[in-house]
Every structure is written in structure tokens, then in C-alpha cells.
$ cat query.cif   # mmCIF, C-alpha atoms
data_entry
loop_
_atom_site.label_atom_id
_atom_site.label_comp_id
_atom_site.auth_asym_id
_atom_site.auth_seq_id
_atom_site.Cartn_x
_atom_site.Cartn_y
_atom_site.Cartn_z
CA MET A 1 12.91 -36.42 9.88
CA ARG A 2 13.11 -34.57 6.60
CA GLN A 3 12.47 -31.24 8.33
CA ARG A 4 15.30 -31.89 10.78
CA LEU A 5 17.60 -32.72 7.90
CA ASN A 6 16.64 -29.51 6.10
CA ASP A 7 17.24 -27.49 9.28
CA ALA A 8 20.68 -29.08 9.67
CA LEU A 9 21.62 -28.35 6.06
CA GLU A 10 20.52 -24.71 6.39
CA VAL A 11 23.16 -24.25 9.08
CA ILE A 12 25.89 -24.80 6.46
CA LYS A 13 26.56 -21.58 4.60
CA PRO A 14 28.05 -21.24 1.08
CA ILE A 15 31.57 -20.85 2.48
CA GLY A 16 30.93 -23.96 4.56
CA TRP A 17 29.95 -26.00 1.50
CA LEU A 18 33.08 -24.75 -0.23
CA VAL A 19 35.31 -25.71 2.70
CA LEU A 20 33.69 -29.12 3.12
CA GLY A 21 33.75 -29.87 -0.60
CA LEU A 22 37.35 -28.75 -0.95
CA GLY A 23 38.38 -30.70 2.14
CA LEU A 24 36.74 -33.98 1.11
CA GLY A 25 37.84 -33.68 -2.51
CA ALA A 26 41.44 -32.78 -1.67
CA LEU A 27 41.70 -35.50 0.96
CA LEU A 28 40.29 -38.16 -1.39
CA VAL A 29 42.53 -37.21 -4.30
CA GLY A 30 45.54 -36.87 -2.00
CA VAL A 31 45.07 -40.35 -0.54
CA VAL A 32 44.41 -42.05 -3.90
CA ALA A 33 47.23 -40.25 -5.69
CA GLN A 34 49.48 -40.30 -2.64
CA TRP A 35 49.86 -36.57 -2.94
CA ARG A 36 50.83 -35.51 0.58
CA GLU A 37 50.38 -31.77 0.14
CA LEU A 38 46.84 -32.20 -1.18
CA ALA A 39 45.98 -34.57 1.67
CA VAL A 40 47.27 -32.00 4.18
CA LEU A 41 45.09 -29.31 2.52
CA GLY A 42 42.02 -31.53 2.73
CA THR A 43 42.70 -32.41 6.36
CA GLY A 44 43.14 -28.73 7.22
CA CYS A 45 39.79 -27.81 5.64
CA LEU A 46 37.95 -30.55 7.52
CA LEU A 47 39.70 -29.59 10.77
CA LEU A 48 38.60 -25.99 10.26
CA ALA A 49 35.00 -27.16 9.88
CA VAL A 50 35.25 -29.23 13.06
CA LEU A 51 36.65 -26.25 15.01
CA ALA A 52 33.72 -24.12 13.79
CA LEU A 53 31.08 -26.47 15.17
CA PRO A 54 31.29 -25.40 18.86
CA PHE A 55 30.12 -21.91 17.90
CA LEU A 56 26.66 -23.40 17.21
CA LEU A 57 26.24 -24.82 20.70
CA GLY A 58 23.61 -23.29 22.98
CA ARG A 59 20.31 -21.56 22.29
CA THR A 60 19.49 -17.95 21.57
CA SER A 61 16.44 -16.92 23.59
CA VAL A 62 15.75 -13.24 23.10
CA SER A 63 12.90 -10.91 22.23
CA VAL A 64 13.42 -8.35 19.49
CA ASP A 65 11.29 -5.24 19.08
CA LEU A 66 11.64 -3.43 15.73
CA ARG A 67 10.40 0.16 15.92
CA LEU A 68 9.63 2.56 13.06
CA GLN A 69 8.52 6.15 13.65
CA PRO A 70 6.66 7.13 11.55
CA GLU A 71 5.72 4.37 9.12
CA ARG A 72 4.27 6.76 6.52
CA VAL A 73 6.35 9.69 5.28
CA ALA A 74 6.64 11.97 2.27
CA ALA A 75 9.54 11.50 -0.12
CA GLY A 76 12.68 13.13 1.25
CA GLU A 77 11.73 12.72 4.91
CA SER A 78 13.48 10.38 7.33
CA VAL A 79 12.24 7.57 9.54
CA ALA A 80 13.66 6.98 13.01
CA ALA A 81 14.17 3.24 13.45
CA GLY A 82 15.38 1.20 16.39
CA VAL A 83 15.87 -2.37 17.54
CA LEU A 84 15.57 -3.43 21.19
CA VAL A 85 16.99 -6.85 22.13
CA VAL A 86 16.15 -8.40 25.52
CA ASN A 87 17.79 -11.59 26.81
CA ARG A 88 14.92 -13.86 27.91
CA ALA A 89 17.12 -16.82 28.90
CA SER A 90 18.06 -17.70 32.47
CA SER A 91 21.76 -17.65 31.51
CA ARG A 92 24.02 -15.15 29.82
CA LEU A 93 23.59 -14.60 26.10
CA VAL A 94 26.53 -15.68 24.00
CA PRO A 95 27.75 -12.79 21.78
CA THR A 96 25.85 -12.85 18.52
CA THR A 97 25.14 -10.78 15.43
CA LEU A 98 21.86 -9.02 14.72
CA GLU A 99 20.88 -8.29 11.10
CA VAL A 100 18.10 -5.97 9.94
CA PRO A 101 17.53 -5.72 6.16
CA VAL A 102 16.43 -2.25 5.05
CA GLY A 103 15.45 -2.23 1.41
CA SER A 104 18.40 -3.62 -0.53
CA ALA A 105 20.87 -2.91 2.32
CA VAL A 106 21.51 -4.88 5.50
CA HIS A 107 22.29 -3.32 8.89
CA ARG A 108 24.51 -5.54 11.07
CA TYR A 109 25.08 -5.04 14.78
CA GLY A 110 27.22 -6.99 17.20
CA ILE A 111 25.35 -7.98 20.35
CA SER A 112 27.68 -8.51 23.29
CA SER A 113 27.12 -11.02 26.07
CA LEU A 114 23.96 -10.04 27.96
CA ALA A 115 22.96 -11.03 31.46
CA PRO A 116 19.48 -12.51 31.98
CA GLY A 117 16.91 -9.74 31.45
CA ALA A 118 19.52 -7.29 30.13
CA THR A 119 18.80 -5.22 27.03
CA HIS A 120 20.72 -3.97 24.02
CA GLU A 121 19.39 -1.18 21.81
CA GLU A 122 20.47 0.03 18.40
CA SER A 123 19.03 3.00 16.51
CA PHE A 124 19.40 4.08 12.91
CA THR A 125 17.80 6.41 10.39
CA ILE A 126 16.05 5.40 7.17
CA ARG A 127 16.30 8.08 4.52
CA THR A 128 13.74 8.23 1.73
CA GLU A 129 14.19 9.70 -1.73
CA ARG A 130 11.33 8.54 -3.93
CA ARG A 131 7.76 7.32 -3.62
CA GLY A 132 7.54 3.62 -2.90
CA VAL A 133 7.64 0.97 -0.22
CA ILE A 134 10.77 0.19 1.83
CA ALA A 135 10.78 -3.24 3.44
CA VAL A 136 12.39 -3.32 6.89
CA GLY A 137 13.22 -6.68 8.43
CA PRO A 138 12.88 -9.35 9.35
CA ALA A 139 15.29 -8.83 12.26
CA MET A 140 17.30 -11.99 12.78
CA THR A 141 20.19 -13.19 14.90
CA ARG A 142 23.12 -15.05 13.36
CA ARG A 143 25.07 -17.33 15.64
CA GLY A 144 28.11 -18.95 14.07
CA ASP A 145 31.85 -19.01 13.62
CA PRO A 146 33.93 -15.99 12.56
CA VAL A 147 34.77 -17.56 9.20
CA GLY A 148 31.14 -18.04 8.22
CA ILE A 149 31.22 -21.82 7.71
CA PHE A 150 28.22 -22.47 9.94
CA SER A 151 25.53 -20.12 11.13
CA ARG A 152 22.26 -20.66 12.98
CA ASP A 153 19.83 -17.95 11.88
CA VAL A 154 16.68 -17.20 13.86
CA VAL A 155 14.03 -14.72 12.65
CA TRP A 156 12.46 -12.65 15.45
CA THR A 157 10.26 -10.09 13.73
CA PRO A 158 8.04 -9.96 10.63
CA VAL A 159 8.81 -7.70 7.71
CA ARG A 160 7.69 -4.13 8.38
CA GLU A 161 7.09 -1.51 5.70
CA VAL A 162 7.80 2.18 5.37
CA LEU A 163 5.34 3.75 2.91
CA VAL A 164 6.85 6.73 1.10
CA ARG A 165 4.28 9.09 -0.35
CA PRO A 166 4.87 11.61 -3.14
CA HIS A 167 4.89 15.34 -2.50
CA LEU A 168 1.37 16.78 -2.52
CA VAL A 169 0.01 19.73 -4.44
CA PRO A 170 -2.28 22.15 -2.55
CA MET A 171 -5.81 22.20 -3.97
CA GLU A 172 -9.11 23.90 -3.28
CA SER A 173 -12.14 21.91 -2.19
CA LEU A 174 -13.41 19.46 -4.79
CA GLY A 175 -16.90 20.64 -3.98
CA ALA A 176 -16.11 24.18 -5.12
CA GLY A 177 -17.77 23.99 -8.54
CA LEU A 178 -16.83 20.40 -9.32
CA LEU A 179 -19.77 18.80 -7.50
CA ARG A 180 -23.26 20.01 -6.84
CA ASP A 181 -24.29 17.07 -4.65
CA LEU A 182 -22.33 17.56 -1.46
CA GLU A 183 -25.24 16.22 0.60
CA GLY A 184 -25.55 13.13 -1.55
CA VAL A 185 -26.79 12.20 -5.02
CA SER A 186 -30.32 10.83 -5.20
CA THR A 187 -30.81 7.41 -6.78
CA ASP A 188 -33.88 5.49 -7.89
CA ALA A 189 -33.57 3.03 -4.99
CA VAL A 190 -36.37 3.37 -2.43
CA SER A 191 -35.32 3.44 1.21
CA GLN A 192 -37.05 3.51 4.58
CA SER A 193 -34.72 6.16 5.95
CA ASP A 194 -32.59 8.75 4.14
CA LEU A 195 -32.39 12.44 3.24
CA ALA A 196 -34.44 12.69 0.03
CA PHE A 197 -38.20 12.45 0.75
CA HIS A 198 -40.06 10.57 -1.97
CA ALA A 199 -43.70 9.74 -1.10
CA LEU A 200 -46.18 8.38 1.44
CA ARG A 201 -47.50 4.82 1.56
CA GLU A 202 -49.63 2.72 3.86
CA TYR A 203 -48.14 1.36 7.05
CA VAL A 204 -47.22 -2.32 7.08
CA PRO A 205 -46.18 -4.31 10.16
CA GLY A 206 -42.48 -3.89 10.81
CA ASP A 207 -42.24 -0.25 9.65
CA ASP A 208 -40.42 2.15 11.95
CA LEU A 209 -43.04 4.12 13.89
CA ARG A 210 -40.80 7.16 13.77
CA HIS A 211 -41.53 7.48 10.04
CA ILE A 212 -45.31 7.65 10.41
CA HIS A 213 -46.63 10.94 9.00
CA TRP A 214 -49.29 11.65 11.65
CA ARG A 215 -50.81 14.73 10.01
CA SER A 216 -51.45 12.97 6.70
CA SER A 217 -52.71 9.88 8.53
CA ALA A 218 -55.19 12.03 10.47
CA LYS A 219 -56.49 13.64 7.26
CA VAL A 220 -57.05 10.26 5.64
CA MET A 221 -58.87 8.89 8.68
CA ALA A 222 -61.03 12.06 8.89
CA SER A 223 -62.02 11.91 5.22
CA THR A 224 -62.60 8.15 4.92
CA GLY A 225 -63.56 7.27 8.45
CA GLU A 226 -61.23 4.29 8.33
CA SER A 227 -58.14 3.65 10.42
CA ALA A 228 -55.10 4.23 8.23
CA LEU A 229 -51.50 5.12 8.92
CA LEU A 230 -49.17 6.57 6.32
CA VAL A 231 -45.39 6.33 6.51
CA ARG A 232 -42.75 8.36 4.76
CA GLN A 233 -40.74 6.74 1.96
CA TYR A 234 -37.37 8.04 0.84
CA LEU A 235 -34.91 7.82 -2.02
CA ASP A 236 -31.45 6.49 -1.21
CA THR A 237 -28.68 9.06 -1.35
CA ARG A 238 -25.02 8.31 -1.62
CA ARG A 239 -21.99 9.95 -0.10
CA SER A 240 -19.85 11.91 -2.57
CA HIS A 241 -17.22 9.56 -3.93
CA ALA A 242 -14.06 10.46 -5.87
CA THR A 243 -12.37 7.80 -8.00
CA ILE A 244 -8.86 8.13 -9.44
CA VAL A 245 -7.60 5.91 -12.27
CA VAL A 246 -3.97 5.96 -13.47
CA ASP A 247 -2.54 4.37 -16.62
CA ASP A 248 0.00 1.72 -15.56
CA ARG A 249 1.50 0.87 -18.96
CA LEU A 250 5.15 1.84 -19.32
CA ASP A 251 4.80 2.85 -22.98
CA SER A 252 2.19 5.45 -22.02
CA TRP A 253 4.85 7.54 -20.31
CA SER A 254 7.67 9.23 -22.21
CA ASP A 255 9.72 9.29 -19.01
CA PRO A 256 9.34 7.30 -15.75
CA ASP A 257 9.45 10.62 -13.88
CA ASP A 258 6.15 11.52 -15.57
CA PHE A 259 4.60 8.49 -13.89
CA GLU A 260 5.86 9.83 -10.54
CA THR A 261 4.22 13.16 -11.36
CA ALA A 262 0.97 11.30 -12.00
CA MET A 263 1.28 9.58 -8.62
CA ALA A 264 1.76 12.98 -6.95
CA VAL A 265 -1.36 14.27 -8.73
CA ALA A 266 -3.36 11.19 -7.70
CA ALA A 267 -2.24 11.50 -4.07
CA SER A 268 -3.08 15.21 -4.01
CA ILE A 269 -6.60 14.57 -5.30
CA ALA A 270 -7.07 11.74 -2.80
CA VAL A 271 -6.01 13.89 0.15
CA ARG A 272 -8.23 16.76 -0.95
CA ALA A 273 -11.16 14.37 -1.34
CA VAL A 274 -10.65 12.98 2.16
CA LEU A 275 -10.53 16.51 3.59
CA ASP A 276 -13.84 17.15 1.80
CA GLU A 277 -15.25 14.00 3.49
CA PHE A 278 -15.50 12.05 0.23
CA ASP A 279 -15.05 8.33 -0.10
CA VAL A 280 -11.98 7.70 -2.25
CA SER A 281 -11.12 4.92 -4.69
CA PHE A 282 -7.79 4.49 -6.49
CA VAL A 283 -6.94 2.07 -9.29
CA CYS A 284 -3.62 1.67 -11.08
CA GLY A 285 -3.22 -1.71 -12.72
CA GLY A 286 -3.12 -4.38 -10.04
CA HIS A 287 -3.19 -1.89 -7.17
CA ALA A 288 -6.61 -0.71 -6.01
CA SER A 289 -8.33 0.54 -2.87
CA SER A 290 -11.68 1.99 -1.91
CA GLY A 291 -13.28 3.42 1.21
CA ALA A 292 -13.57 6.38 3.51
CA ASP A 293 -10.10 5.84 5.01
CA GLY A 294 -7.68 8.07 3.12
CA HIS A 295 -4.73 5.92 4.18
CA LEU A 296 -6.02 3.13 1.93
CA ALA A 297 -5.81 5.24 -1.22
CA LEU A 298 -2.46 6.78 -0.29
CA ASP A 299 -1.00 3.37 0.56
CA ALA A 300 -2.13 2.10 -2.84
CA VAL A 301 -0.45 5.11 -4.45
CA CYS A 302 2.79 4.19 -2.68
CA ARG A 303 2.61 0.60 -3.96
CA ALA A 304 1.55 1.42 -7.53
CA ASP A 305 3.98 0.41 -10.26
CA PHE A 306 4.07 -0.25 -13.98
CA GLY A 307 1.99 -3.11 -15.35
CA ASP A 308 0.10 -4.12 -18.48
CA ARG A 309 -3.58 -3.50 -17.72
CA GLY A 310 -3.81 -0.02 -19.18
CA LEU A 311 -6.26 2.80 -18.63
CA VAL A 312 -9.33 1.14 -20.21
CA GLU A 313 -9.20 -2.04 -18.15
CA SER A 314 -8.37 -0.08 -14.99
CA GLY A 315 -11.33 2.22 -15.66
CA ARG A 316 -13.68 -0.75 -15.95
CA GLN A 317 -12.28 -2.20 -12.74
CA ALA A 318 -12.82 1.15 -11.00
CA SER A 319 -16.45 1.33 -12.15
CA MET A 320 -17.10 -2.06 -10.52
CA LEU A 321 -15.07 -1.22 -7.42
CA ALA A 322 -16.86 2.09 -6.85
CA PRO A 323 -20.28 2.04 -8.56
CA ASP A 324 -21.40 5.03 -6.45
CA THR A 325 -18.71 7.33 -7.88
CA SER A 326 -19.77 10.94 -8.33
CA LEU A 327 -16.42 12.41 -9.46
CA ALA A 328 -13.82 10.53 -11.54
CA PHE A 329 -10.30 11.41 -12.70
CA PHE A 330 -8.41 9.51 -15.42
CA ILE A 331 -4.67 10.18 -15.45
CA GLY A 332 -2.43 9.25 -18.38
CA GLY A 333 0.90 10.13 -19.91
CA SER A 334 1.77 12.00 -23.07
CA GLU A 335 1.81 8.67 -24.96
CA SER A 336 -1.56 7.48 -23.66
CA PRO A 337 -4.04 7.29 -26.58
CA PHE A 338 -6.84 9.80 -26.17
CA THR A 339 -9.32 7.09 -27.13
CA ASP A 340 -8.25 5.23 -23.98
CA LEU A 341 -9.24 8.23 -21.86
CA LEU A 342 -12.65 8.31 -23.55
CA ARG A 343 -13.20 4.55 -23.25
CA ALA A 344 -12.13 4.52 -19.60
CA SER A 345 -14.47 7.40 -18.75
CA ALA A 346 -17.31 5.70 -20.64
CA ALA A 347 -17.25 2.90 -18.06
CA PHE A 348 -19.02 5.29 -15.66
CA PRO A 349 -22.64 6.46 -16.04
CA PRO A 350 -23.37 9.92 -17.52
CA GLU A 351 -24.24 11.50 -14.16
CA VAL A 352 -20.65 11.05 -12.96
CA ARG A 353 -18.51 14.20 -13.37
CA ARG A 354 -15.39 13.08 -15.26
CA PHE A 355 -12.00 14.67 -15.93
CA GLY A 356 -9.04 13.49 -17.96
CA ILE A 357 -5.55 14.50 -16.85
CA VAL A 358 -2.56 14.14 -19.18
CA VAL A 359 0.98 14.69 -17.88
CA GLU A 360 2.89 16.57 -20.59
CA PRO A 361 6.03 18.11 -19.05
CA HIS A 362 7.28 19.47 -22.39
CA GLY A 363 4.05 21.24 -23.31
CA ASN A 364 1.97 24.07 -21.90
CA SER A 365 -0.58 23.62 -19.16
CA ARG A 366 -4.05 24.02 -20.64
CA VAL A 367 -7.60 22.66 -20.64
CA THR A 368 -9.27 21.14 -23.69
CA GLU A 369 -12.56 19.33 -24.15
CA THR A 370 -13.26 16.57 -26.64
CA GLY A 371 -16.17 14.19 -26.73
CA GLY A 372 -17.65 15.88 -23.67
CA LEU A 373 -14.57 15.05 -21.56
CA PRO A 374 -12.60 17.98 -20.09
CA VAL A 375 -8.89 17.18 -20.33
CA LEU A 376 -6.28 18.90 -18.16
CA HIS A 377 -2.86 18.97 -19.85
CA LEU A 378 -0.31 19.30 -17.04
CA ALA A 379 3.13 20.68 -17.77
CA ALA A 380 3.81 20.80 -14.01
CA LYS A 381 1.92 19.22 -11.14
CA GLU A 382 1.69 22.61 -9.42
CA ASP A 383 -0.74 23.71 -12.16
CA LEU A 384 -3.35 21.13 -11.12
CA GLY A 385 -5.40 23.38 -8.84
CA GLY A 386 -5.55 26.25 -11.35
CA LEU A 387 -6.57 23.98 -14.22
CA LEU A 388 -9.36 22.41 -12.19
CA ARG A 389 -10.72 25.87 -11.33
CA TRP A 390 -10.54 26.88 -14.99
CA SER A 391 -12.25 23.70 -16.21
CA VAL A 392 -15.45 24.39 -14.24
CA ARG A 393 -15.93 27.97 -15.31
#

$ encode --input "query.cif" --output "C-alpha cells"
Amino acid sequence: MRQRLNDALEVIKPIGWLVLGLGLGALLVGVVAQWRELAVLGTGCLLLAVLALPFLLGRTSVSVDLRLQPERVAAGESVAAGVLVVNRASSRLVPTTLEVPVGSAVHRYGISSLAPGATHEESFTIRTERRGVIAVGPAMTRRGDPVGIFSRDVVWTPVREVLVRPHLVPMESLGAGLLRDLEGVSTDAVSQSDLAFHALREYVPGDDLRHIHWRSSAKVMASTGESALLVRQYLDTRRSHATIVVDDRLDSWSDPDDFETAMAVAASIAVRAVLDEFDVSFVCGGHASSGADGHLALDAVCRADFGDRGLVESGRQASMLAPDTSLAFFIGGSESPFTDLLRASAAFPPEVRRFGIVVEPHGNSRVTETGGLPVLHLAAKEDLGGLLRWSVR
């Protein structure tokens, strides 16, 4: 009962409440005060509301397909979008209005009367300017009177997203001097199957017969005269893993555009790491991702925004998110304390190759090293590749 009442009240729009309130108030005051003009005004408002009611009659039975191509673009590129409406009812569709929110704007289209099974298609272009996420939808039909007193709104699609990525900087392979473990970094964990051979041990039931070292087993049996099988034992290796941490505090950046530069740097490193077949992790405040799928890191870059966690806390989160990291980058602004870079990098074990990156658009691009941490001072994002090559000389 309460739900039906709520649904009925949602049909009345702000203009409708104004008309109804004005009509009832004017009519009441006009009758009590015997003010004819005010009573006529109130009657006219209520009559207008009554005349608007027939526009709500009938049902809207359609299917709406919202199309976006592509859903991931670089800043400055356009997305081709379209909406296909099909009348699924057995009778003609009463003319209605279709609305599709796109970001902060709303696209409105008039849908004419459609025969059963007939279609109506609208297309539009979404232009992108900056990195971020553009919400598209939900597509909804509005069926009501021309004045806007009543309107029955039906949502037909979920909210879709266009992910706008920053412009990338070309880079050389991260394995070219930055890592010396492209086939994996050995750990102390013993495994039954991997790349790094460790030792031989006696066979126990359940061992994979493929790992029996027959030559060594034969030597043992020949020397001792006892039946003995030896199996190979390995050390676990891990896939090369690049982790990128970005300072999310607003006061760490002298200009919001510097933060966008940092996002472009982070995305460029992530793409290069994926091309080098690395796993990639990205952390910026409350936005984090990890895995072999490069889309995860780039999508997180698109969603990243200012917060209050800071570089140190994000670094600790990254060390827990990606404990197998072999290469880590810590990106801050010109106002980021250098101690934060050191503390964030200290969250990772010593065998991890670490680099600090500081965006300083008003300085000169250069490489310094303090406390064992190479720091790349970027005056322009295009200098990233050259500074990385210089830092490993």
C-alpha cells in the first residue's frame, strides 16, 4: 500500500505540486473571503490538473538499447552513441519523450507514435576533453502532459560509463635495465613445479612421477642396493610485477593539472608494463587495482581523484595488495614531502626496485638519488622515458 502511494506521488512533478498547492490554496481563501477572482484562479489551476491526467493513461511497453562505441577512449577522442527503441506492445505506442543523461547534460528525444514492432533510433556523439568517467544513462521514457504537471517515468537501461584515459607517453621496455628478473624472481618458498631447480629429495606417495630424477635414483639404488626414488624440488618464482602509487592529497599538488600529468605518467607506465607481460597494480587513495589485465589498472587511473590518504598510506596498501612486486613507482607532486616518498617506498622489501617520480612543471627534468631512492623530477611528462634510461646507467 505504501509503495503504491509512493509511486502515485512520484507521478506529480514540482510544477504539479505548485499548481495543486496554488489551486487548493486560492480556492480555499477565495471561498472563505468571498474573493471571486481568487476562487476563479484556484478553480482554473485544479481544472488544469484534471485535464493533464488523461496523458498518463496507457502503458509504455518498449525495449531500449543504449550503445556506446567505444567505451574506453583517450582524452580528446569521441564516442559514437546511439539509442534504439522498439515498441513491444500489441498496440501503437503513444508519443513519448526519451531522456538520456550524459554526464551533467541530458539528451531529450521525441518518440513519435510507433506501430507494434516498429523501431526508432537516435544517434549522438559524446566528446571527451579530460581524463575521467562519463556516466551515460539511464535511458528513460517520460509520459505526461505538455505542461509538466504529471509525468510517468520508466527507466529502461542501467547507467553505462565511458572511461576517458589520459594521453600516454611512449616508453622503452621496463625490462631494459630496470629489471634483471624477466623470467621470474626466486623466493624461499619450496614448490613441486617451477623454473628454479633447488634440490632432490626422497619420493613420497602423491608426488608427480614426472618430477622423478631417474638418473640420480639409479645411482642411489646402485650404491646402496635399496629401492629409492628421488624427485626434483624447486623454488617458487614470481612473474614480474610493476606497482604504481600516486599521492592523492590535494595539497601535494601546486596545480590540479600536475595531478593530471601524474595520471598520464601512471597510465604510460601501466601500459608499458602490460606490453612487457608484467602484472600491474595501481593505488591512488581509495582507487586500487591489481592483476594481469591492463584494463584494470587503466580503469582505476580513469577513476582516480583527490582524497586524504596520502602517499605513505597508499604505499602500505600497495605492499599488501601486491606483495610480489618487483618494480615500484611512487608518484608525487612538487609539494609532496620527500620523507613521504621514502616512507612509502620503505613499505616494500629491499629486493624490490623502487623509483620516486616528482612532477615539477616549473623546474628542470633531472634525476637525483637520496636515501638509496632514485627520484625522477619531471618538468614534462614527455621526459619520462629519457629519465628512466638515465637513472639505470

$ atom_distance --input "query.cif" --atom1 "CA of Leu66 (chain A)" --atom2 "CA of Ala81 (chain A)"
7.5 Å

$ closest_residue --input "query.cif" --among "A:Leu342, A:Cys284, A:Leu48, A:Leu378" --to "Ser365 (chain A)" --atoms "only C-alpha atoms"
A:Leu378

$ closest_residue --input "query.cif" --among "A:Pro166, A:Gly148, A:Gly44, A:Pro361" --to "Met263 (chain A)" --atoms "all atoms listed in the file"
A:Pro166

$ residues_around --input "query.cif" --residues "Asp383 (chain A)" --least-positions-apart "6" --cutoff "10 Å" --atoms "all atoms listed in the file" --output "list of chain:residue names"
A:Val169, A:Pro170, A:Met171, A:Ser365, A:Arg366, A:Leu376, A:His377

$ atom_distance --input "query.cif" --atom1 "CA of Arg354 (chain A)" --atom2 "CA of Leu327 (chain A)"
5.9 Å

$ resolve_selection --input "query.cif" --expression "the PyMOL selection byres ((chain A and resi 60) around 8)" --output "list of chain:residue names"
A:Gly58, A:Arg59, A:Ser61, A:Val62, A:Ala89, A:Leu93, A:Val94

$ residues_around --input "query.cif" --residues "region 314-326 of chain A" --least-positions-apart "2" --cutoff "7 Å" --atoms "all atoms listed in the file" --output "PyMOL selection string"
chain A and resi 238+240-243+245+281+283-285+309-312+328+344-345+347-348+352-353

$ write_last_selection --input "query.cif" --atoms "C-alpha atoms" --output "compact mmCIF listing (two decimals), keeping the file's coordinate frame"
# COMPACT_ATOMS: atom_id res chain seq x y z
CA ARG A 238 -25.02 8.31 -1.62
CA SER A 240 -19.85 11.91 -2.57
CA HIS A 241 -17.22 9.56 -3.93
CA ALA A 242 -14.06 10.46 -5.87
CA THR A 243 -12.37 7.80 -8.00
CA VAL A 245 -7.60 5.91 -12.27
CA SER A 281 -11.12 4.92 -4.69
CA VAL A 283 -6.94 2.07 -9.29
CA CYS A 284 -3.62 1.67 -11.08
CA GLY A 285 -3.22 -1.71 -12.72
CA ARG A 309 -3.58 -3.50 -17.72
CA GLY A 310 -3.81 -0.02 -19.18
CA LEU A 311 -6.26 2.80 -18.63
CA VAL A 312 -9.33 1.14 -20.21
CA ALA A 328 -13.82 10.53 -11.54
CA ALA A 344 -12.13 4.52 -19.60
CA SER A 345 -14.47 7.40 -18.75
CA ALA A 347 -17.25 2.90 -18.06
CA PHE A 348 -19.02 5.29 -15.66
CA VAL A 352 -20.65 11.05 -12.96
CA ARG A 353 -18.51 14.20 -13.37

$ residues_around --input "query.cif" --residues "Ile357 (chain A)" --least-positions-apart "3" --cutoff "9 Å" --atoms "only C-alpha atoms" --output "list in words"
Ala262, Phe329, Phe330, Ile331, Gly332, Gly333, Leu341, Pro374, Val375, Leu376, His377 and Leu378 of chain A

$ atom_distance --input "query.cif" --atom1 "CA of Gly286 (chain A)" --atom2 "CA of Val274 (chain A)"
22.5 Å

$ axis_aligned_box --input "query.cif" --around "region 329-342 of chain A" --padding-each-side "3 Å" --output "AutoDock Vina command-line options"
--center_x -5.4 --center_y 8.6 --center_z -19.9 --size_x 20.5 --size_y 12.8 --size_z 20.4

$ resolve_selection --input "query.cif" --expression "the PyMOL selection byres ((chain A and resi 105-118) around 10)" --output "PDB file with C-alpha atoms, keeping the file's coordinate frame"
ATOM      1  CA  SER A  61      16.440 -16.920  23.590  1.00  0.00           C
ATOM      2  CA  VAL A  62      15.750 -13.240  23.100  1.00  0.00           C
ATOM      3  CA  VAL A  83      15.870  -2.370  17.540  1.00  0.00           C
ATOM      4  CA  VAL A  85      16.990  -6.850  22.130  1.00  0.00           C
ATOM      5  CA  VAL A  86      16.150  -8.400  25.520  1.00  0.00           C
ATOM      6  CA  ASN A  87      17.790 -11.590  26.810  1.00  0.00           C
ATOM      7  CA  ARG A  88      14.920 -13.860  27.910  1.00  0.00           C
ATOM      8  CA  ALA A  89      17.120 -16.820  28.900  1.00  0.00           C
ATOM      9  CA  SER A  90      18.060 -17.700  32.470  1.00  0.00           C
ATOM     10  CA  SER A  91      21.760 -17.650  31.510  1.00  0.00           C
ATOM     11  CA  ARG A  92      24.020 -15.150  29.820  1.00  0.00           C
ATOM     12  CA  LEU A  93      23.590 -14.600  26.100  1.00  0.00           C
ATOM     13  CA  VAL A  94      26.530 -15.680  24.000  1.00  0.00           C
ATOM     14  CA  PRO A  95      27.750 -12.790  21.780  1.00  0.00           C
ATOM     15  CA  THR A  96      25.850 -12.850  18.520  1.00  0.00           C
ATOM     16  CA  THR A  97      25.140 -10.780  15.430  1.00  0.00           C
ATOM     17  CA  LEU A  98      21.860  -9.020  14.720  1.00  0.00           C
ATOM     18  CA  GLU A  99      20.880  -8.290  11.100  1.00  0.00           C
ATOM     19  CA  VAL A 100      18.100  -5.970   9.940  1.00  0.00           C
ATOM     20  CA  PRO A 101      17.530  -5.720   6.160  1.00  0.00           C
ATOM     21  CA  VAL A 102      16.430  -2.250   5.050  1.00  0.00           C
ATOM     22  CA  GLY A 103      15.450  -2.230   1.410  1.00  0.00           C
ATOM     23  CA  SER A 104      18.400  -3.620  -0.530  1.00  0.00           C
ATOM     24  CA  THR A 119      18.800  -5.220  27.030  1.00  0.00           C
ATOM     25  CA  HIS A 120      20.720  -3.970  24.020  1.00  0.00           C
ATOM     26  CA  GLU A 121      19.390  -1.180  21.810  1.00  0.00           C
ATOM     27  CA  GLU A 122      20.470   0.030  18.400  1.00  0.00           C
ATOM     28  CA  PHE A 124      19.400   4.080  12.910  1.00  0.00           C
ATOM     29  CA  VAL A 136      12.390  -3.320   6.890  1.00  0.00           C
ATOM     30  CA  GLY A 137      13.220  -6.680   8.430  1.00  0.00           C
ATOM     31  CA  ALA A 139      15.290  -8.830  12.260  1.00  0.00           C
ATOM     32  CA  MET A 140      17.300 -11.990  12.780  1.00  0.00           C
ATOM     33  CA  THR A 141      20.190 -13.190  14.900  1.00  0.00           C
ATOM     34  CA  ARG A 142      23.120 -15.050  13.360  1.00  0.00           C
TER      35      ARG A 142
END

$ resolve_selection --input "query.cif" --expression "the PyMOL selection byres ((chain A and resi 297) around 8)" --output "MDAnalysis selection string"
chainID A and resid 267 270 280:282 288:290 293:296 298:301

$ closest_residue --input "query.cif" --among "A:Phe55, A:Trp156, A:Phe259, A:Tyr203" --to "Arg143 (chain A)" --atoms "all atoms listed in the file"
A:Phe55

$ residues_around --input "query.cif" --residues "Ala39 (chain A)" --least-positions-apart "4" --cutoff "12 Å" --atoms "all atoms listed in the file" --output "list of chain:residue names"
A:Leu22, A:Gly23, A:Leu24, A:Gly25, A:Ala26, A:Leu27, A:Leu28, A:Val29, A:Gly30, A:Val31, A:Val32, A:Ala33, A:Gln34, A:Trp35, A:Thr43, A:Gly44, A:Cys45, A:Leu46

$ closest_residue --input "query.cif" --among "A:Ser223, A:Ser151, A:Ser252, A:Thr339" --to "Gly371 (chain A)" --atoms "all atoms listed in the file"
A:Thr339

$ closest_residue --input "query.cif" --among "A:Leu68, A:Val147, A:Val133, A:Val246" --to "Lys13 (chain A)" --atoms "all atoms listed in the file"
A:Val147

$ closest_residue --input "query.cif" --among "A:Ala218, A:Ala228, A:Val11, A:Glu313" --to "Val154 (chain A)" --atoms "all atoms listed in the file"
A:Val11
